[in-house]
Each structure stands twice: as structure tokens, then as C-alpha cells.
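*Asks:* A single structure is presented below for examination.
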Amino acid sequence: MNERVDKDMGGLAATLDFDAELMLRVKDGDGASFTILLEKHRLPVIHFLYRMVQNQAVAEELAQEVFLRVYRSRGSYEPTAKFTTWLFRIATHLALNSLRDGKHRRLEEHLDDDSSETPVRQVSDQRPTVEQRMLHQSRLEEIRRAVATLPEKQRAAVLMHKYDEMEYSQIAKVLNCSESAIKSLLFRAYETLRARLAHMA
Amino acid sequence: MNCPLEAGNEGVLLDYAAGKLNADARAQMDRHMESCSACNQFAGAQAAVWQALDNWEPAEVSMDFDRRLYARIEQDVSWWTRLMRPLNPLFRHSVPIAATAGVVIMAGLLLNRPAAVPVAPVPQSAQVEALQPDQLQSALDDMEMLRQFNQLVPDSAAPKM
């Protein structure tokens, strides 16, 4: 397998990640490798989609579609980039389409949502009081709204940069932009978020 | 160190607030922060954003996520593959055997093919004219009439042959 990967990747062999190797095994009919990939990337993909569309049911449905597309594409898969770049490109594409298709419907659902799906975070080793919980929920809602107001590409870039710790170059590949464009995009996004969230310090 | 804000290199400040700078770069920024209030303010606000985003925990994933996904993958497999799947173990062993047997039988038939024998023409059946009962009766009547006529005619009148 490694020889094959080296041959396929050429000069990129040094940067080949284990995930791409697993995907090549899936291509060869190894279902167990797909299970490993799913196990590893399930949560990052679902969490990214959840923060993008801000609806858990929609996020899970989109994540199903992401992994289904990965599986369907196994036959034509070529490791020309990092596996996560490819994976998040699919996820971002589906999320953006979903936002454009059902923007108003989901926004209404979100505004009616009482945020009961979000687990209450324990801020100390003692039980939070009702006031603390309400304050926490209020802050979470503020964060969610601040992120939701970002333009879609800015939102995707911030989420990949913050939660998936991607480099600028990888975010650029996912969003099909230049690296300098991504830096500019992120700077504008964080500028908006600073204006809305800096008081939380 | 040049001020990142003045140099248009805000990315350094973002990385600084995110704790992504290496030790040397971080030490340089720490020293710069001591004398640059603009960068200090920027980094403080960015750190607050970072901290706020840290508090945003996603919801838990459904327990049956994998089961639903594999069900969809199963549905995605073509109907022909699904139809033939139970027979796969059978085919895996029997197809080579059946193919070999077929070749042997065909070869045997070709090698032992009998020589062509001319086919005898089918003889035409004899055409027998069937007499009807009334025709038979008419013939007998004619013979009887001739016999009686011969008796009436004298032998002298008989023509000399």
C-alpha cells in the first residue's frame, strides 16, 4: 500500500496522511478502513456542520450525506490533497447549499429553539444555580447569534480555524481561495466577532 | 519587532491570541505587547472571542448515527448486487465447475458427431381407389346383364374371329 501511495502521490508522498492511506484501502474494498475513518472524523464533521447550520438534526443529516459521498467516491478517490481537506470540502459544500436552500426555515426553527439540545456546562465542581445556568444559556445564545450573522464563507473559515485548528493553507484549499484571501476573510470575521463578543471577557 | 497592525500582518496577532505561535515568536510578541497598546487591545479582544467560542459546545450525536449511515450505504448498493449476494458463495464454487463441464460436453459433442447419412426419400403411399357400395352394385349389375345378353345371342350370330 505504501508503495502505491508513493507512486500515486509523487512529490506529495511526504505529506500523505494516514487517512488518505485508509481511503485507498477503502478503494480496494476494505470496509474496515471506512469504519476507522468514520470513527475518527464523525464528531469533527458533525460539530462543524452543527455550528454552520445551528440545527442538530440538519447537521446529522448533512453529515450522513458527507460520509455517504465519501463512500460513493471511493472508486475514483485519488490522494491529491489531505484527506481532511477533501472531507471538509464536501461538508462545507453541503452546508452552504443547505443554508441557501432552507435559510429562512432553519432560522425560524433556531429562533424558536429553547437551546435544550445544548448541554449545560459545569462551570465549577458545584451545581450551577438557576441564575448561573440562565447566564450561561444567554451567553451561548449570544455566541451562536454572533457566529450566525457572519457571511457563510467567513463562518466556515472561522469554524475550521478555531475548532478544527486548520492552517490557512488548508482552509484555502477547502474554500477554494488563495491563502491571502483566507487571511483577509478571517480577519474580517474576527473583527465582527470582536465587536460582538469582546465584552464577554 | 515591527507592529503587526501597522505592517498589515494581523494574522500574527490572531495566532498569538490563539496560542499558535512558537516559543520564539511568542516571546517577541510578548515584548512588543509591553509597548504597543493597540496590539495589546487587539489581542485582549481576540482572546475574549476565543474564550467565548470555547464555551460553545456542540450537542451530543445520536446513538444510531452509524446504524443509519450503514443502512443508507446498504440501500445505495445496486439492486442487482443485492439480488445476487445470497448466491455469491454458491456461484463462487459452482461457476468454474459448470464452465469446465460445459466445455467438456461441447468438445465431446463436436468430436463424436455422426457422419451425415443421406435421407431416403419418403415413398409415396399407393393410391388405392376406393369403390363405393353403389358403384360395386352397378358393376355387378352390368356383368349380369352381359351374361344374359350372351345367352340370348346364337352362336352363329357371334362374330367370327
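By convention in this document, the chains of the C-alpha cells carry letters A, B, ... by their order, each chain's residues are numbered from 1, and ligands are numbered from 1 in the order they are shown.
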Name the residues in contact with Ala172 in chain A at a cut-off of 12 Å, using only C-alpha atoms, excluding same-chain residues fewer than 4 positions from it; report them as a list in words.

*Replies:*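 Counting only C-alpha atoms, the residues come to Thr85, Trp86, Phe88, Arg89, Lys153, Gln154, Ala156, Ala157, Val158, Met160, His161, Met166, Glu167, Tyr168, Asn176, Cys177, Ser178, Glu179, Ser180, Ala181, Ile182, Lys183, Ser184, Leu185 and Leu186 of chain A.
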
*Asks:* Write out, as a PDB file, in the first residue's frame, the residues just selected, with C-alpha atoms.

*Replies:*
ATOM      1  CA  THR A  85      -9.248  18.846   3.114  1.00  0.00           C
ATOM      2  CA  TRP A  86     -11.355  16.679   0.814  1.00  0.00           C
ATOM      3  CA  PHE A  88     -14.319  19.300   4.781  1.00  0.00           C
ATOM      4  CA  ARG A  89     -14.695  20.473   1.209  1.00  0.00           C
ATOM      5  CA  LYS A 153     -17.704  31.670   3.914  1.00  0.00           C
ATOM      6  CA  GLN A 154     -16.436  33.698   6.851  1.00  0.00           C
ATOM      7  CA  ALA A 156     -16.891  28.293   7.615  1.00  0.00           C
ATOM      8  CA  ALA A 157     -13.383  29.743   7.774  1.00  0.00           C
ATOM      9  CA  VAL A 158     -13.695  30.723  11.441  1.00  0.00           C
ATOM     10  CA  MET A 160     -12.287  25.440  10.637  1.00  0.00           C
ATOM     11  CA  HIS A 161      -9.655  27.805  12.035  1.00  0.00           C
ATOM     12  CA  MET A 166      -6.620  24.054  10.304  1.00  0.00           C
ATOM     13  CA  GLU A 167      -3.797  26.077   8.796  1.00  0.00           C
ATOM     14  CA  TYR A 168      -4.613  28.960   6.473  1.00  0.00           C
ATOM     15  CA  ASN A 176     -11.078  27.163  -2.991  1.00  0.00           C
ATOM     16  CA  CYS A 177      -9.490  30.548  -2.263  1.00  0.00           C
ATOM     17  CA  SER A 178      -5.967  31.884  -2.079  1.00  0.00           C
ATOM     18  CA  GLU A 179      -4.220  31.850   1.259  1.00  0.00           C
ATOM     19  CA  SER A 180      -4.112  35.650   1.381  1.00  0.00           C
ATOM     20  CA  ALA A 181      -7.851  35.773   0.686  1.00  0.00           C
ATOM     21  CA  ILE A 182      -8.451  33.432   3.617  1.00  0.00           C
ATOM     22  CA  LYS A 183      -6.352  35.596   5.929  1.00  0.00           C
ATOM     23  CA  SER A 184      -8.370  38.613   4.880  1.00  0.00           C
ATOM     24  CA  LEU A 185     -11.608  36.666   5.283  1.00  0.00           C
ATOM     25  CA  LEU A 186     -10.659  35.532   8.767  1.00  0.00           C
TER      26      LEU A 186
END

*Asks:* Name the residues in contact with range 190-196 of chain A at a cut-off of 7 Å, using only C-alpha atoms, excluding same-chain residues fewer than 2 positions from it; report them as a VMD selection string.

*Replies:* (chain A and resid 146 186 to 188 198) or (chain B and resid 45 to 46 49)

*Asks:* Could you list, as number ranges by chain, the residues of chain B having an atom within 9 Å of chain A when counting only C-alpha atoms?

*Replies:* B: 10-11, 14, 18, 42, 44-62, 65-66, 68-70, 72-73, 76

*Asks:* Can you tell me which residues surround His93 in chain A at a distance of at most 10 Å, considering only C-alpha atoms, apart from same-chain residues fewer than 6 positions away, and format the answer as a ChimeraX atom specification?

*Replies:* /A:66,174-175

*Asks:* How many Å separate CA of Lys82 in chain A from CA of Phe18 in chain A?

*Replies:*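 Going from CA of Lys82 in chain A over to CA of Phe18 in chain A, I get 9.4 Å.
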
*Asks:* For CA of Leu22 in chain A and CA of His41 in chain A, quote the distance in Å rounded to one decimal.

*Replies:* 12.4 Å
